[in-house]
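*Asks:* Input: one structure, supplied below.
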Amino acid sequence: MKRLKNKKQKAGVEVNGNGSVTREPDCGRKQKLSEINQALISDPVDIETLRRAAASKGGLLTDELRRKVWPKLLNINVYDLPHKPGRDVRENHKDFNQVVLDVTRSMKRFPKGMPASERAVLQEQMTDIILEVLKRTPQLHYYQGYHDVAVTLLLVVGERMTIAMLDTLSNHHLRDFMDPTMDSTKHILNYLMPILEQVDRELHDFMIRAEVGTIFALSWLITWYGHVLSDFKHTMRLYDFFLASHPLMPIYLAATIVLHREKEVKKTECDMAMVHHLLSRIPQDLPYELLIGQAQDLFDQYPPSLLAKRAALQPRKSLSISTFQAFQLATLHQRPDTVLQRLTKAQGSSTSRQAPRQSGLEAALPQEQGRLWGKGNRMVKMAVWGLSATLGAAVFAVAQTAMDWGPEVLLQLF
């Protein structure tokens, strides 16, 4: 097995043109906060510094910073956010029943101790957000697990920003998962084994003999690990990393997790069911910072273009991969929020007239340090939504392995 570099003591990174990140020495929390804030007010916004911060040790540190940086990483103007969906978004929507079912059984994704009434409000919002994004781009197809991405964003940035972020992600980073078939998703999963082959041929061959395939990593990939991690802080840390990285980075992280558990895997009986059972359950105490550094190292050593050549993969089949460079370049010309606010007001648009109250981050969240379940405008939201008790009343056991995602998904995989 080729030794992966131990990057525990390194935290800074430098983003290269191909979406990779080169790590630099840790500069400390206080300096990191200063650099992020300076990058946000630079004109144009210093996106490369923000990407370095998101990928480096500790990520973006606080939800307050995430609400400022995540939109910049996706080239979103916080003063030009979509309006909240109307109730008509649910009318005659082909995915409505499946979305409601998935949202209802997402209860474990909400913080422990959150009042049921507040969770019901957020679940109502999540349903409408998903349907709104799908309505905006009819060629996007809903998949089970999409709601896991939606709830992660909603808990951090609020309803209107979630619509904007989810819409962008759905047309770029997540685009391959939203085809009518699973072919593009299988294509992304097919990068996993070539990575393992490059690093640990013995482990790779063991998994080939066991015929375990890559289905165990399906839910990791399509939910950005939100479905399988119990601690929300770990989920947010990975979202920092993925939002600042190449769309294939989740599969590189999957490879580092498998490599990290190499000894466990090799001690397991060489049987598909046994190996799948082991790998499909991610330990909750993984050294995430170490694994993030190793995933970046693997990306640098074995970039997608190299793997595609060696494994006869066809990256042109992936819309996420083929459009990433143009997407990344487009983020480099953003104005800071202070300038955007001034320009919006000067234009005299309807958005500008509502900006102080209805636009930007302030409209999306309560005034406390960002938790949607803070005091803020909680009562207003509950009054608006009527606190329907129908959602969230039923409790479903959430699937823990890719095998539990439904027979219709598995049938498409084979």
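Here's how to read the names in the structure tokens: chain A, B, ... by the order shown, residue numbers from 1 in each chain, ligand numbers from 1 in the order shown.
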Could you give me, as a list in words, each residue of region 230-261 of chain A that DSSP assigns to alpha helix (DSSP H) when run on this structure's backbone?
*Replies:*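 Output for region 230-261 of chain A, alpha helix (DSSP H) only: Phe232, Lys233, His234, Thr235, Met236, Arg237, Leu238, Tyr239, Asp240, Phe241, Phe242, Leu243, Met249, Pro250, Ile251, Tyr252, Leu253, Ala254, Ala255, Thr256, Ile257, Val258, Leu259 and His260 of chain A.
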*Asks:* Can you pull out the residues contacting region 91-102 of chain A? Cut-off 10 Å, using only C-alpha atoms, and skip same-chain residues under 2 positions away; I want them as a ChimeraX atom specification.
*Replies:* /A:87-89,104-107,123-124,126-128,130-132,134-135,141-148,391-392,394,396,398
*Asks:* List every residue of region 7-170 of chain A that DSSP, applied to the backbone, labels as strand (DSSP E), and write the result as a tab-separated table (two decimals) with N, CA, C and O atoms, in the first residue's frame.
*Replies:*
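Listing of part25.tsv after writing:
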```
chain	number	residue	atom	x	y	z
A	10	LYS	N	-1.17	20.29	8.97
A	10	LYS	CA	-1.23	21.32	7.93
A	10	LYS	C	-2.66	21.73	7.68
A	10	LYS	O	-3.55	20.92	7.69
A	11	ALA	N	-2.82	23.02	7.43
A	11	ALA	CA	-4.19	23.47	7.34
A	11	ALA	C	-4.47	24.40	6.17
A	11	ALA	O	-5.53	24.36	5.60
A	12	GLY	N	-3.59	25.29	5.81
A	12	GLY	CA	-3.84	26.21	4.71
A	12	GLY	C	-3.79	25.48	3.39
A	12	GLY	O	-3.22	24.42	3.29
A	13	VAL	N	-4.41	26.04	2.38
A	13	VAL	CA	-4.41	25.41	1.07
A	13	VAL	C	-4.35	26.46	-0.02
A	13	VAL	O	-4.68	27.61	0.18
A	14	GLU	N	-3.92	26.03	-1.19
A	14	GLU	CA	-3.90	26.91	-2.35
A	14	GLU	C	-4.67	26.24	-3.47
A	14	GLU	O	-4.39	25.10	-3.84
A	15	VAL	N	-5.67	26.91	-3.99
A	15	VAL	CA	-6.52	26.34	-5.03
A	15	VAL	C	-5.85	26.50	-6.38
A	15	VAL	O	-5.43	27.58	-6.76
A	21	VAL	N	-6.39	21.56	-4.47
A	21	VAL	CA	-6.03	22.47	-3.40
A	21	VAL	C	-4.70	22.06	-2.80
A	21	VAL	O	-4.51	20.91	-2.44
A	22	THR	N	-3.75	22.99	-2.74
A	22	THR	CA	-2.45	22.72	-2.16
A	22	THR	C	-2.41	23.26	-0.74
A	22	THR	O	-2.74	24.41	-0.50
A	23	ARG	N	-2.03	22.44	0.21
A	23	ARG	CA	-2.10	22.82	1.61
A	23	ARG	C	-0.89	23.62	2.06
A	23	ARG	O	0.23	23.40	1.62
A	24	GLU	N	-1.13	24.55	2.98
A	24	GLU	CA	-0.09	25.40	3.54
A	24	GLU	C	-0.17	25.34	5.05
A	24	GLU	O	-1.17	24.90	5.62
A	25	PRO	N	0.86	25.82	5.78
A	25	PRO	CA	0.85	25.75	7.24
A	25	PRO	C	-0.34	26.47	7.85
A	25	PRO	O	-0.81	27.49	7.35
```
*Asks:* To one decimal place, how far is CA of Lys57 (chain A) from CA of Gln296 (chain A) in Å?
*Replies:*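 CA of Lys57 (chain A) sits 12.2 Å away from CA of Gln296 (chain A).
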*Asks:* Determine, using only C-alpha atoms, which residues of region 48-142 of chain A have any atom at most 9 Å from an atom of region 29-44 of chain A, and tabulate each with its shortest atom pair and distance in Å to one decimal place, rows ordered by chain and then rising number, as a Markdown table.
*Replies:*
```
| residue | atom | partner | partner_atom | distance |
| --- | --- | --- | --- | --- |
| A:Glu48 | CA | A:Ala39 | CA | 8.7 |
| A:Thr49 | CA | A:Ala39 | CA | 6.4 |
| A:Leu50 | CA | A:Ile36 | CA | 6.1 |
| A:Ala53 | CA | A:Ile36 | CA | 7.0 |
| A:Gly58 | CA | A:Arg29 | CA | 8.6 |
| A:Leu60 | CA | A:Leu33 | CA | 8.4 |
| A:Leu61 | CA | A:Arg29 | CA | 8.2 |
| A:Leu65 | CA | A:Ile36 | CA | 8.3 |
| A:Lys68 | CA | A:Leu40 | CA | 8.0 |
| A:Val69 | CA | A:Leu40 | CA | 7.7 |
| A:Lys72 | CA | A:Leu40 | CA | 8.5 |
```
*Asks:* Filtering to N, CA, C and O atoms, could you give me those residues as a PDB file, in the first residue's frame?
*Replies:*
```pdb
ATOM      1  N   GLU A  48     -10.325  32.611  -4.305  1.00  0.00           N
ATOM      2  CA  GLU A  48      -9.313  31.589  -4.029  1.00  0.00           C
ATOM      3  C   GLU A  48      -8.994  31.515  -2.538  1.00  0.00           C
ATOM      4  O   GLU A  48      -8.788  30.427  -1.991  1.00  0.00           O
ATOM      5  N   THR A  49      -8.952  32.665  -1.862  1.00  0.00           N
ATOM      6  CA  THR A  49      -8.731  32.652  -0.415  1.00  0.00           C
ATOM      7  C   THR A  49      -9.904  31.984   0.298  1.00  0.00           C
ATOM      8  O   THR A  49      -9.714  31.221   1.253  1.00  0.00           O
ATOM      9  N   LEU A  50     -11.120  32.236  -0.162  1.00  0.00           N
ATOM     10  CA  LEU A  50     -12.293  31.607   0.446  1.00  0.00           C
ATOM     11  C   LEU A  50     -12.274  30.097   0.236  1.00  0.00           C
ATOM     12  O   LEU A  50     -12.643  29.333   1.125  1.00  0.00           O
ATOM     13  N   ALA A  53      -9.763  28.634   2.614  1.00  0.00           N
ATOM     14  CA  ALA A  53     -10.297  28.609   3.977  1.00  0.00           C
ATOM     15  C   ALA A  53     -11.296  27.477   4.165  1.00  0.00           C
ATOM     16  O   ALA A  53     -11.296  26.785   5.194  1.00  0.00           O
ATOM     17  N   GLY A  58     -10.494  22.892   9.918  1.00  0.00           N
ATOM     18  CA  GLY A  58     -11.572  23.595  10.591  1.00  0.00           C
ATOM     19  C   GLY A  58     -12.607  24.184   9.662  1.00  0.00           C
ATOM     20  O   GLY A  58     -13.666  24.633  10.097  1.00  0.00           O
ATOM     21  N   LEU A  60     -14.846  26.584   7.556  1.00  0.00           N
ATOM     22  CA  LEU A  60     -15.272  27.977   7.680  1.00  0.00           C
ATOM     23  C   LEU A  60     -15.616  28.383   9.110  1.00  0.00           C
ATOM     24  O   LEU A  60     -16.134  29.481   9.335  1.00  0.00           O
ATOM     25  N   LEU A  61     -15.376  27.489  10.053  1.00  0.00           N
ATOM     26  CA  LEU A  61     -15.367  27.790  11.488  1.00  0.00           C
ATOM     27  C   LEU A  61     -16.741  28.047  12.103  1.00  0.00           C
ATOM     28  O   LEU A  61     -17.064  27.484  13.154  1.00  0.00           O
ATOM     29  N   LEU A  65     -20.096  32.628   9.212  1.00  0.00           N
ATOM     30  CA  LEU A  65     -19.211  32.736   8.050  1.00  0.00           C
ATOM     31  C   LEU A  65     -19.720  31.904   6.888  1.00  0.00           C
ATOM     32  O   LEU A  65     -19.593  32.294   5.726  1.00  0.00           O
ATOM     33  N   LYS A  68     -22.038  33.679   4.712  1.00  0.00           N
ATOM     34  CA  LYS A  68     -21.401  34.687   3.868  1.00  0.00           C
ATOM     35  C   LYS A  68     -20.579  34.057   2.746  1.00  0.00           C
ATOM     36  O   LYS A  68     -20.547  34.585   1.627  1.00  0.00           O
ATOM     37  N   VAL A  69     -19.913  32.946   3.056  1.00  0.00           N
ATOM     38  CA  VAL A  69     -18.960  32.364   2.104  1.00  0.00           C
ATOM     39  C   VAL A  69     -19.617  31.368   1.151  1.00  0.00           C
ATOM     40  O   VAL A  69     -19.309  31.367  -0.048  1.00  0.00           O
ATOM     41  N   LYS A  72     -20.825  32.823  -2.057  1.00  0.00           N
ATOM     42  CA  LYS A  72     -19.744  33.269  -2.934  1.00  0.00           C
ATOM     43  C   LYS A  72     -19.115  32.088  -3.661  1.00  0.00           C
ATOM     44  O   LYS A  72     -18.736  32.197  -4.837  1.00  0.00           O
TER      45      LYS A  72
END
```
*Asks:* With only C-alpha atoms as the counted atoms, please give the residues lying no more than 8 Å from His187 (chain A), apart from itself and same-chain residues fewer than 2 positions off, as a list in words.
*Replies:*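 After dropping sequence-adjacent residues, the list is Asp183, Ser184, Thr185, Leu189, Asn190, Tyr191, Leu313, Lys317 and Ser318 of chain A.
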*Asks:* Limited to N, CA and C atoms, could you put the picked residues into a file as a short mmCIF file (atom, residue, chain, number, x, y, z; two decimals), in the first residue's frame?
*Replies:*
```cif
data_model
loop_
_atom_site.label_atom_id
_atom_site.label_comp_id
_atom_site.auth_asym_id
_atom_site.auth_seq_id
_atom_site.Cartn_x
_atom_site.Cartn_y
_atom_site.Cartn_z
N ASP A 183 -27.33 6.12 -14.93
CA ASP A 183 -26.10 5.91 -15.70
C ASP A 183 -24.99 6.88 -15.31
N SER A 184 -25.31 8.16 -15.19
CA SER A 184 -24.29 9.15 -14.85
C SER A 184 -23.80 8.97 -13.42
N THR A 185 -24.70 8.56 -12.53
CA THR A 185 -24.29 8.29 -11.15
C THR A 185 -23.34 7.10 -11.09
N LEU A 189 -19.45 6.81 -9.61
CA LEU A 189 -19.04 5.74 -8.69
C LEU A 189 -17.89 4.92 -9.26
N ASN A 190 -17.83 4.83 -10.56
CA ASN A 190 -16.79 4.02 -11.20
C ASN A 190 -15.38 4.59 -11.04
N TYR A 191 -15.27 5.81 -10.54
CA TYR A 191 -13.93 6.36 -10.26
C TYR A 191 -13.34 5.79 -8.97
N LEU A 313 -12.60 5.50 -18.50
CA LEU A 313 -13.80 6.25 -18.17
C LEU A 313 -13.94 7.41 -19.15
N LYS A 317 -19.18 12.22 -20.37
CA LYS A 317 -20.51 11.75 -20.00
C LYS A 317 -21.03 12.46 -18.75
N SER A 318 -20.12 13.11 -18.04
CA SER A 318 -20.49 13.78 -16.79
C SER A 318 -20.66 15.28 -17.03
#
```
*Asks:* Using only C-alpha atoms, pick whichever of A:Met114, A:Leu306, A:Ile222, A:Leu203 has the shortest atom-to-atom distance to Val258 (chain A).
*Replies:* A:Leu203
*Asks:* Please report the interatomic distance between CA of Val265 (chain A) and CA of Met249 (chain A) in Å with one decimal.
*Replies:*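 Distance between the two atoms: 22.4 Å.
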*Asks:* Which one is closest to Thr62 (chain A): A:Met161, A:Ala116, A:Met236, A:Leu218? Count only C-alpha atoms.
*Replies:* A:Met236
*Asks:* So, with only C-alpha atoms as the atoms that count, which of A:Leu290, A:Ser320, A:Ala54, A:Asp200 lies closest to Met178 (chain A)?
*Replies:* A:Ser320
*Asks:* Please identify all polymer residues within 10 Å of Met193 (chain A), counting only C-alpha atoms, omitting same-chain residues fewer than 2 positions from it, and present them as a ChimeraX atom specification.
*Replies:* /A:189-191,195-198,201,203-205,207-208,213-214,251,255,307,311
*Asks:* For those residues, write N, CA and C atoms to a file as an mmCIF file, in the first residue's frame.
*Replies:*
```cif
data_model
loop_
_atom_site.group_PDB
_atom_site.id
_atom_site.type_symbol
_atom_site.label_atom_id
_atom_site.label_comp_id
_atom_site.auth_asym_id
_atom_site.auth_seq_id
_atom_site.Cartn_x
_atom_site.Cartn_y
_atom_site.Cartn_z
ATOM 1 N N LEU A 189 -19.449 6.812 -9.613
ATOM 2 C CA LEU A 189 -19.043 5.744 -8.693
ATOM 3 C C LEU A 189 -17.891 4.915 -9.257
ATOM 4 N N ASN A 190 -17.826 4.835 -10.563
ATOM 5 C CA ASN A 190 -16.789 4.021 -11.197
ATOM 6 C C ASN A 190 -15.379 4.593 -11.044
ATOM 7 N N TYR A 191 -15.267 5.809 -10.538
ATOM 8 C CA TYR A 191 -13.935 6.364 -10.260
ATOM 9 C C TYR A 191 -13.340 5.792 -8.969
ATOM 10 N N ILE A 195 -9.088 4.556 -8.053
ATOM 11 C CA ILE A 195 -8.309 5.256 -7.023
ATOM 12 C C ILE A 195 -7.706 4.245 -6.060
ATOM 13 N N LEU A 196 -8.525 3.294 -5.610
ATOM 14 C CA LEU A 196 -8.027 2.272 -4.686
ATOM 15 C C LEU A 196 -6.918 1.447 -5.333
ATOM 16 N N GLU A 197 -7.068 1.172 -6.603
ATOM 17 C CA GLU A 197 -6.052 0.379 -7.310
ATOM 18 C C GLU A 197 -4.707 1.093 -7.328
ATOM 19 N N GLN A 198 -4.721 2.404 -7.471
ATOM 20 C CA GLN A 198 -3.478 3.166 -7.504
ATOM 21 C C GLN A 198 -2.778 3.175 -6.149
ATOM 22 N N ARG A 201 -3.161 -1.870 -4.122
ATOM 23 C CA ARG A 201 -3.580 -2.902 -5.090
ATOM 24 C C ARG A 201 -4.142 -4.135 -4.380
ATOM 25 N N LEU A 203 -5.775 -4.270 -1.473
ATOM 26 C CA LEU A 203 -7.138 -3.973 -1.028
ATOM 27 C C LEU A 203 -8.091 -3.955 -2.220
ATOM 28 N N HIS A 204 -7.664 -3.346 -3.297
ATOM 29 C CA HIS A 204 -8.469 -3.299 -4.516
ATOM 30 C C HIS A 204 -8.813 -4.701 -4.996
ATOM 31 N N ASP A 205 -7.815 -5.568 -5.065
ATOM 32 C CA ASP A 205 -8.035 -6.935 -5.557
ATOM 33 C C ASP A 205 -8.956 -7.717 -4.622
ATOM 34 N N MET A 207 -11.386 -6.497 -2.820
ATOM 35 C CA MET A 207 -12.755 -6.046 -3.051
ATOM 36 C C MET A 207 -13.294 -6.544 -4.388
ATOM 37 N N ILE A 208 -12.419 -6.684 -5.371
ATOM 38 C CA ILE A 208 -12.832 -7.243 -6.658
ATOM 39 C C ILE A 208 -13.243 -8.704 -6.475
ATOM 40 N N GLY A 213 -18.496 -4.332 -5.366
ATOM 41 C CA GLY A 213 -18.903 -3.199 -6.174
ATOM 42 C C GLY A 213 -18.738 -1.873 -5.431
ATOM 43 N N THR A 214 -19.550 -0.898 -5.786
ATOM 44 C CA THR A 214 -19.440 0.432 -5.181
ATOM 45 C C THR A 214 -20.769 0.935 -4.619
ATOM 46 N N ILE A 251 -16.091 11.447 -4.080
ATOM 47 C CA ILE A 251 -15.669 10.078 -4.372
ATOM 48 C C ILE A 251 -14.230 9.864 -3.931
ATOM 49 N N ALA A 255 -12.837 7.101 -1.163
ATOM 50 C CA ALA A 255 -11.640 6.265 -1.285
ATOM 51 C C ALA A 255 -10.784 6.345 -0.022
ATOM 52 N N LEU A 307 -7.225 9.176 -14.066
ATOM 53 C CA LEU A 307 -8.034 7.990 -13.785
ATOM 54 C C LEU A 307 -8.892 7.622 -14.989
ATOM 55 N N ALA A 311 -8.675 3.940 -16.534
ATOM 56 C CA ALA A 311 -9.830 3.068 -16.311
ATOM 57 C C ALA A 311 -10.834 3.117 -17.455
#
```
*Asks:* Give me the residues within 8 Å of Thr256 (chain A) as a PyMOL selection string, counting only C-alpha atoms and dropping any in the same chain fewer than 4 places off.
*Replies:* chain A and resi 252+260+291+294-295
*Asks:* Output N, CA, C and O atoms for every residue in the selection just made, as an mmCIF file, in the first residue's frame.
*Replies:*
```cif
data_model
loop_
_atom_site.group_PDB
_atom_site.id
_atom_site.type_symbol
_atom_site.label_atom_id
_atom_site.label_comp_id
_atom_site.auth_asym_id
_atom_site.auth_seq_id
_atom_site.Cartn_x
_atom_site.Cartn_y
_atom_site.Cartn_z
ATOM 1 N N TYR A 252 -13.412 10.909 -3.976
ATOM 2 C CA TYR A 252 -12.051 10.804 -3.445
ATOM 3 C C TYR A 252 -12.095 10.633 -1.927
ATOM 4 O O TYR A 252 -11.295 9.878 -1.356
ATOM 5 N N HIS A 260 -8.675 4.051 4.863
ATOM 6 C CA HIS A 260 -8.504 4.203 6.314
ATOM 7 C C HIS A 260 -8.939 2.939 7.048
ATOM 8 O O HIS A 260 -8.386 2.606 8.109
ATOM 9 N N LEU A 291 -8.689 12.839 6.917
ATOM 10 C CA LEU A 291 -9.233 12.252 5.693
ATOM 11 C C LEU A 291 -9.444 13.305 4.603
ATOM 12 O O LEU A 291 -9.238 13.031 3.419
ATOM 13 N N GLN A 294 -6.115 13.858 3.090
ATOM 14 C CA GLN A 294 -5.720 12.732 2.252
ATOM 15 C C GLN A 294 -6.525 12.687 0.956
ATOM 16 O O GLN A 294 -5.992 12.320 -0.101
ATOM 17 N N ALA A 295 -7.800 13.058 1.031
ATOM 18 C CA ALA A 295 -8.611 13.108 -0.192
ATOM 19 C C ALA A 295 -8.037 14.123 -1.175
ATOM 20 O O ALA A 295 -7.963 13.877 -2.384
#
```
*Asks:* What does the distance from CA of Gly113 (chain A) to CA of Thr235 (chain A) come to in Å, to one decimal?
*Replies:*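 About the pair CA of Gly113 (chain A) and CA of Thr235 (chain A): they are 18.5 Å apart.
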*Asks:* Which polymer residues have any atom within 12 Å of an atom of Lys112 (chain A), counting only C-alpha atoms, with same-chain residues fewer than 3 positions away left out, as a PyMOL selection string?
*Replies:* chain A and resi 107-109+115-116+118-119+230-232+373
*Asks:* Only C-alpha atoms, please: the residues just picked out, written as a PDB file, in the first residue's frame.
*Replies:*
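Written file, again26.pdb:
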```
ATOM      1  CA  MET A 107     -36.532  13.711  11.333  1.00  0.00           C
ATOM      2  CA  LYS A 108     -33.120  12.479  12.456  1.00  0.00           C
ATOM      3  CA  ARG A 109     -31.472  15.214  10.383  1.00  0.00           C
ATOM      4  CA  PRO A 115     -39.506  21.469  19.176  1.00  0.00           C
ATOM      5  CA  ALA A 116     -41.719  19.408  16.909  1.00  0.00           C
ATOM      6  CA  GLU A 118     -40.399  24.203  14.572  1.00  0.00           C
ATOM      7  CA  ARG A 119     -39.290  21.038  12.805  1.00  0.00           C
ATOM      8  CA  SER A 230     -24.986  11.624  12.879  1.00  0.00           C
ATOM      9  CA  ASP A 231     -23.084  14.727  13.984  1.00  0.00           C
ATOM     10  CA  PHE A 232     -24.179  17.810  12.053  1.00  0.00           C
ATOM     11  CA  TRP A 373     -34.484  27.423  15.698  1.00  0.00           C
TER      12      TRP A 373
END
```
